[in-house]
Amino acid sequence: MKLPPTARFSTVCVHAGQDPDPSTGAIITPIFQTSTYVQDELGHHKGYEYARTQNPTRAALEKNIAAIEAGNGAYAFASGMAAIGAIATLLRPGDHVVVTDNTYGGTFRFFDKVLSKYGLSFTYVDTSQLDLLRGAMRPETRMVFLESPTNPVMRLTDIAAAADIAHTGGAKVIVDNTFASPVVQRPIEMGADLVVHSTTKYLNGHSDSVGGIVIGVHDDDLEWLKFIQNTEGAILSPFDSWLVLRGTKTLALRMAQHNINGMALAEFLVGQPGVTQVLYPGLPTHPQHDLARRQMRGFGGMLSFDVGTFEKARRVCNRVKLMALAESLGGVETLICHPASMTHASVPPERRQAIGLTDSLVRISVGVEDPQDLIDDLKQALLD
Ligand SMILES: Cc1ncc(COP(=O)(O)O)c(C=O)c1O
């Protein structure tokens, strides 16, 4: 079994990083549940010494996802936040970072409450407006940390244009690609230096694992990330690595259905009585629909809609039957949530207001069920 260099995306998802197990021929990479490896003699081993440092299941996943994201290497961590923490170790005291203002709440909390204690400073701007990004750059800016689309207001950043601005200013570009998935966009092809994922979401896709991964292109970044993975030790476990590796095999298939279902629900919600706004990049009414068509392949499985009042938002969330009221996203089952009181509760109200995250906003992570069943569920939940 040999992956041709011309292999296309879904073939890469199924095969990259995986060879049949040499000792048995097992087609699926085994879960190497071991803490250490026996050495042949002093100074001679098979490339594996201790499982924090090297694990074959984790290594297979890292190769797989590096290929999926068009990177030169990847390192997997215990959670998406641990992966973002590893990226942060590339910074030094005095460095400045420009961040998409509507970044994931946990990322904001980490930058604001933890990293700011270590001589690092952060400026949050609406990176969908390139002039604001340009204006936020300083001589000491070392990173531009982007999310597109943002959660949950679905604002887009022109990644290639933002990368140009960052690179001109001597900063690295990091894209958290969790929300879109590499099926929908591959930021490295647009100039990103590092891509990060919470594998908890679309890459695993089955709501049964928490993990994170950083994908890089430059040798110095990759060497540092490998060093940090071993030094800090926030590694992804062999079982979680195996689960995500199983998940990525069907990534292209799942995302194709997420894209179809996302569009179907967005189109259904437009014009429903009581729905004042639908936020989905696939809708021609989305303020950045042209950019979405240029930058994204399919518009993803995430959408938000406004029902006018907090009371109505609460009613919709409580009334759905097929959809589950839960945080997280990217699984095969549809989840609904109220961002202001759930996923974004740690974001101060004035910041929520500034980014357009109202108390009447409802977010859906659309799964891969039959879209008509999801529409029927929403229809009954929206009835007055
Ligand atoms: C965009 C984004 N980045 C990072 C994270 C953090 O990932 P984890 O929960 O795996 O630590 C999340 C979690 O929801 C997220 O949505």
# chains A, B, ... in the order shown; residues from 1 in each chain; ligands from 1

call {"tool": "residues_around", "arguments": {"residues": "region 67-72 of chain A", "least_positions_apart": "5", "cutoff": "6 Å", "atoms": "only C-alpha atoms", "output": "PyMOL selection string"}}
result
chain A and resi 182+186+215-217

call {"tool": "residues_around", "arguments": {"residues": "Val173 (chain A)", "least_positions_apart": "5", "cutoff": "12 Å", "atoms": "only C-alpha atoms", "output": "VMD selection string"}}
result
chain A and resid 87 97 to 100 141 to 147 159 to 168 187 to 188 190 to 196 216 to 218

call {"tool": "residues_around", "arguments": {"residues": "region 374-381 of chain A", "least_positions_apart": "3", "cutoff": "6 Å", "atoms": "only C-alpha atoms", "output": "tab-separated table (two decimals) with all heavy atoms, in the first residue's frame"}}
result
chain	number	residue	atom	x	y	z
A	316	VAL	N	-36.27	28.03	22.26
A	316	VAL	CA	-35.81	27.18	21.15
A	316	VAL	C	-34.85	26.10	21.67
A	316	VAL	O	-34.98	24.92	21.35
A	316	VAL	CB	-35.13	28.04	20.05
A	316	VAL	CG1	-34.47	27.17	19.00
A	316	VAL	CG2	-36.14	28.99	19.40
A	319	ARG	N	-36.72	23.45	23.56
A	319	ARG	CA	-37.80	22.72	22.88
A	319	ARG	C	-37.32	21.69	21.86
A	319	ARG	O	-38.08	20.83	21.45
A	319	ARG	CB	-38.67	23.73	22.14
A	319	ARG	CG	-39.81	24.26	22.97
A	319	ARG	CD	-40.73	24.93	21.98
A	319	ARG	NE	-41.79	25.65	22.62
A	319	ARG	CZ	-42.59	26.48	21.96
A	319	ARG	NH1	-42.41	26.66	20.66
A	319	ARG	NH2	-43.54	27.10	22.58
A	320	VAL	N	-36.06	21.83	21.39
A	320	VAL	CA	-35.61	20.88	20.36
A	320	VAL	C	-35.63	19.47	20.94
A	320	VAL	O	-35.41	19.27	22.14
A	320	VAL	CB	-34.20	21.22	19.82
A	320	VAL	CG1	-34.23	22.44	18.94
A	320	VAL	CG2	-33.20	21.38	20.95
A	371	PRO	N	-31.20	16.13	6.67
A	371	PRO	CA	-31.49	17.54	6.96
A	371	PRO	C	-32.97	17.82	7.19
A	371	PRO	O	-33.32	18.72	7.96
A	371	PRO	CB	-30.98	18.29	5.72
A	371	PRO	CG	-30.73	17.24	4.68
A	371	PRO	CD	-30.52	15.95	5.37

call {"tool": "select_by_dssp", "arguments": {"residues": "region 196-324 of chain A", "states": "strand (DSSP E)", "output": "JSON, numbers by chain"}}
result
{"A": [196, 197, 198, 212, 213, 214, 215, 216, 277, 278, 279, 302, 303, 304, 305, 306, 324]}

call {"tool": "write_last_selection", "arguments": {"atoms": "N, CA, C and O atoms", "output": "JSON list (two decimals), in the first residue's frame"}}
result
[["chain", "number", "residue", "atom", "x", "y", "z"],
["A", 196, "VAL", "N", -3.68, 25.39, 13.98],
["A", 196, "VAL", "CA", -4.00, 24.65, 15.19],
["A", 196, "VAL", "C", -5.44, 24.17, 15.12],
["A", 196, "VAL", "O", -6.30, 24.83, 14.52],
["A", 197, "HIS", "N", -5.67, 22.99, 15.71],
["A", 197, "HIS", "CA", -7.02, 22.43, 15.80],
["A", 197, "HIS", "C", -7.29, 21.94, 17.20],
["A", 197, "HIS", "O", -6.41, 21.34, 17.84],
["A", 198, "SER", "N", -8.53, 22.12, 17.62],
["A", 198, "SER", "CA", -9.06, 21.27, 18.67],
["A", 198, "SER", "C", -9.54, 20.04, 17.93],
["A", 198, "SER", "O", -10.56, 20.09, 17.22],
["A", 212, "GLY", "N", -5.79, 18.04, 20.72],
["A", 212, "GLY", "CA", -5.40, 19.20, 19.91],
["A", 212, "GLY", "C", -4.18, 18.87, 19.08],
["A", 212, "GLY", "O", -3.45, 17.91, 19.39],
["A", 213, "ILE", "N", -3.95, 19.65, 18.05],
["A", 213, "ILE", "CA", -2.78, 19.41, 17.19],
["A", 213, "ILE", "C", -2.32, 20.73, 16.58],
["A", 213, "ILE", "O", -3.13, 21.62, 16.32],
["A", 214, "VAL", "N", -1.00, 20.85, 16.42],
["A", 214, "VAL", "CA", -0.42, 22.01, 15.73],
["A", 214, "VAL", "C", 0.28, 21.48, 14.48],
["A", 214, "VAL", "O", 1.05, 20.52, 14.56],
["A", 215, "ILE", "N", 0.00, 22.12, 13.35],
["A", 215, "ILE", "CA", 0.62, 21.73, 12.08],
["A", 215, "ILE", "C", 1.51, 22.89, 11.66],
["A", 215, "ILE", "O", 1.10, 24.06, 11.73],
["A", 216, "GLY", "N", 2.75, 22.57, 11.22],
["A", 216, "GLY", "CA", 3.67, 23.65, 10.85],
["A", 216, "GLY", "C", 4.33, 23.41, 9.52],
["A", 216, "GLY", "O", 4.19, 22.33, 8.92],
["A", 277, "GLN", "N", -32.18, 37.24, 12.13],
["A", 277, "GLN", "CA", -30.90, 37.21, 11.39],
["A", 277, "GLN", "C", -30.37, 35.78, 11.34],
["A", 277, "GLN", "O", -30.48, 35.06, 12.34],
["A", 278, "VAL", "N", -29.82, 35.40, 10.20],
["A", 278, "VAL", "CA", -29.17, 34.08, 10.09],
["A", 278, "VAL", "C", -27.72, 34.33, 9.68],
["A", 278, "VAL", "O", -27.46, 35.01, 8.68],
["A", 279, "LEU", "N", -26.78, 33.80, 10.45],
["A", 279, "LEU", "CA", -25.36, 34.02, 10.18],
["A", 279, "LEU", "C", -24.76, 32.73, 9.62],
["A", 279, "LEU", "O", -24.54, 31.76, 10.37],
["A", 302, "MET", "N", -21.40, 25.04, 10.78],
["A", 302, "MET", "CA", -21.71, 25.91, 11.91],
["A", 302, "MET", "C", -22.56, 27.07, 11.45],
["A", 302, "MET", "O", -22.26, 27.71, 10.44],
["A", 303, "LEU", "N", -23.61, 27.35, 12.18],
["A", 303, "LEU", "CA", -24.42, 28.54, 11.88],
["A", 303, "LEU", "C", -25.04, 29.07, 13.16],
["A", 303, "LEU", "O", -25.20, 28.34, 14.15],
["A", 304, "SER", "N", -25.38, 30.35, 13.12],
["A", 304, "SER", "CA", -26.04, 30.99, 14.27],
["A", 304, "SER", "C", -27.23, 31.76, 13.75],
["A", 304, "SER", "O", -27.26, 32.17, 12.59],
["A", 305, "PHE", "N", -28.21, 31.94, 14.62],
["A", 305, "PHE", "CA", -29.36, 32.76, 14.24],
["A", 305, "PHE", "C", -29.91, 33.48, 15.45],
["A", 305, "PHE", "O", -29.77, 33.03, 16.59],
["A", 306, "ASP", "N", -30.50, 34.64, 15.15],
["A", 306, "ASP", "CA", -31.00, 35.51, 16.22],
["A", 306, "ASP", "C", -32.51, 35.42, 16.26],
["A", 306, "ASP", "O", -33.16, 35.49, 15.22],
["A", 324, "ALA", "N", -29.33, 18.08, 20.34],
["A", 324, "ALA", "CA", -28.97, 18.01, 21.77],
["A", 324, "ALA", "C", -28.47, 19.38, 22.23],
["A", 324, "ALA", "O", -27.68, 20.03, 21.51]]

call {"tool": "closest_residue", "arguments": {"among": "A:Ile364, A:Val210, A:Leu120, A:Ile336", "to": "His96 (chain A)", "atoms": "only C-alpha atoms"}}
result
A:Leu120

call {"tool": "select_by_dssp", "arguments": {"residues": "region 49-255 of chain A", "states": "helix (DSSP H, G or I)", "output": "PyMOL selection string"}}
result
chain A and resi 56-68+80-88+105-118+130-136+159-168+187-190+219-232+238-249+251-255

call {"tool": "closest_residue", "arguments": {"among": "A:Thr103, A:Thr36, A:Ser365, A:Thr127", "to": "ligand 1", "atoms": "only C-alpha atoms and all ligand atoms"}}
result
A:Thr103

call {"tool": "closest_residue", "arguments": {"among": "A:Leu225, A:Val307, A:Ala78, A:Leu357", "to": "ligand 1", "atoms": "only C-alpha atoms and all ligand atoms"}}
result
A:Ala78

call {"tool": "closest_atom_pairs", "arguments": {"of": "chain A", "to": "ligand 1", "cutoff": "6 Å", "atoms": "only C-alpha atoms and all ligand atoms", "output": "Markdown table"}}
result
| residue | atom | partner | partner_atom_place_in_ligand_line | distance |
| --- | --- | --- | --- | --- |
| A:Ser79 | CA | ligand 1 | 10 (O) | 4.1 |
| A:Gly80 | CA | ligand 1 | 7 (O) | 3.4 |
| A:Met81 | CA | ligand 1 | 11 (O) | 3.9 |
| A:Tyr104 | CA | ligand 1 | 1 (C) | 5.1 |
| A:Thr178 | CA | ligand 1 | 1 (C) | 5.0 |
| A:Phe179 | CA | ligand 1 | 1 (C) | 5.5 |
| A:Ser198 | CA | ligand 1 | 7 (O) | 4.2 |
| A:Thr200 | CA | ligand 1 | 10 (O) | 5.0 |
| A:Val210 | CA | ligand 1 | 10 (O) | 5.2 |
| A:Gly211 | CA | ligand 1 | 10 (O) | 5.0 |
| A:Gly212 | CA | ligand 1 | 10 (O) | 5.6 |
| A:Ser328 | CA | ligand 1 | 14 (O) | 5.5 |

call {"tool": "write_last_selection", "arguments": {"atoms": "N, CA and C atoms", "output": "short mmCIF file (atom, residue, chain, number, x, y, z; two decimals), in the first residue's frame"}}
result
data_model
loop_
_atom_site.label_atom_id
_atom_site.label_comp_id
_atom_site.auth_asym_id
_atom_site.auth_seq_id
_atom_site.Cartn_x
_atom_site.Cartn_y
_atom_site.Cartn_z
N SER A 79 -5.23 18.55 24.43
CA SER A 79 -6.47 19.27 24.13
C SER A 79 -6.12 20.39 23.15
N GLY A 80 -7.15 21.02 22.62
CA GLY A 80 -6.91 22.16 21.75
C GLY A 80 -6.20 23.26 22.52
N MET A 81 -6.58 23.47 23.77
CA MET A 81 -5.94 24.51 24.58
C MET A 81 -4.47 24.18 24.84
N TYR A 104 -12.07 32.18 20.15
CA TYR A 104 -12.68 31.24 21.10
C TYR A 104 -12.45 31.73 22.55
N THR A 178 -10.17 25.08 13.61
CA THR A 178 -11.11 24.14 14.20
C THR A 178 -12.51 24.26 13.60
N PHE A 179 -12.97 25.49 13.44
CA PHE A 179 -14.36 25.76 13.08
C PHE A 179 -14.65 25.38 11.63
N SER A 198 -8.53 22.12 17.62
CA SER A 198 -9.06 21.27 18.67
C SER A 198 -9.54 20.04 17.93
N THR A 200 -10.88 17.65 19.10
CA THR A 200 -12.15 17.34 19.74
C THR A 200 -13.32 17.52 18.79
N VAL A 210 -11.06 14.26 23.49
CA VAL A 210 -10.59 15.64 23.61
C VAL A 210 -9.11 15.65 23.20
N GLY A 211 -8.75 16.56 22.29
CA GLY A 211 -7.35 16.61 21.86
C GLY A 211 -7.07 17.85 21.05
N GLY A 212 -5.79 18.04 20.72
CA GLY A 212 -5.40 19.20 19.91
C GLY A 212 -4.18 18.87 19.08
N SER A 328 -19.62 22.35 22.64
CA SER A 328 -18.79 21.64 21.66
C SER A 328 -19.44 21.67 20.28
#

call {"tool": "atom_distance", "arguments": {"atom1": "CA of Ala51 (chain A)", "atom2": "CA of Leu245 (chain A)"}}
result
18.0 Å

call {"tool": "closest_residue", "arguments": {"among": "A:Met137, A:Val366, A:Met255, A:Val183", "to": "Val125 (chain A)", "atoms": "only C-alpha atoms"}}
result
A:Met137
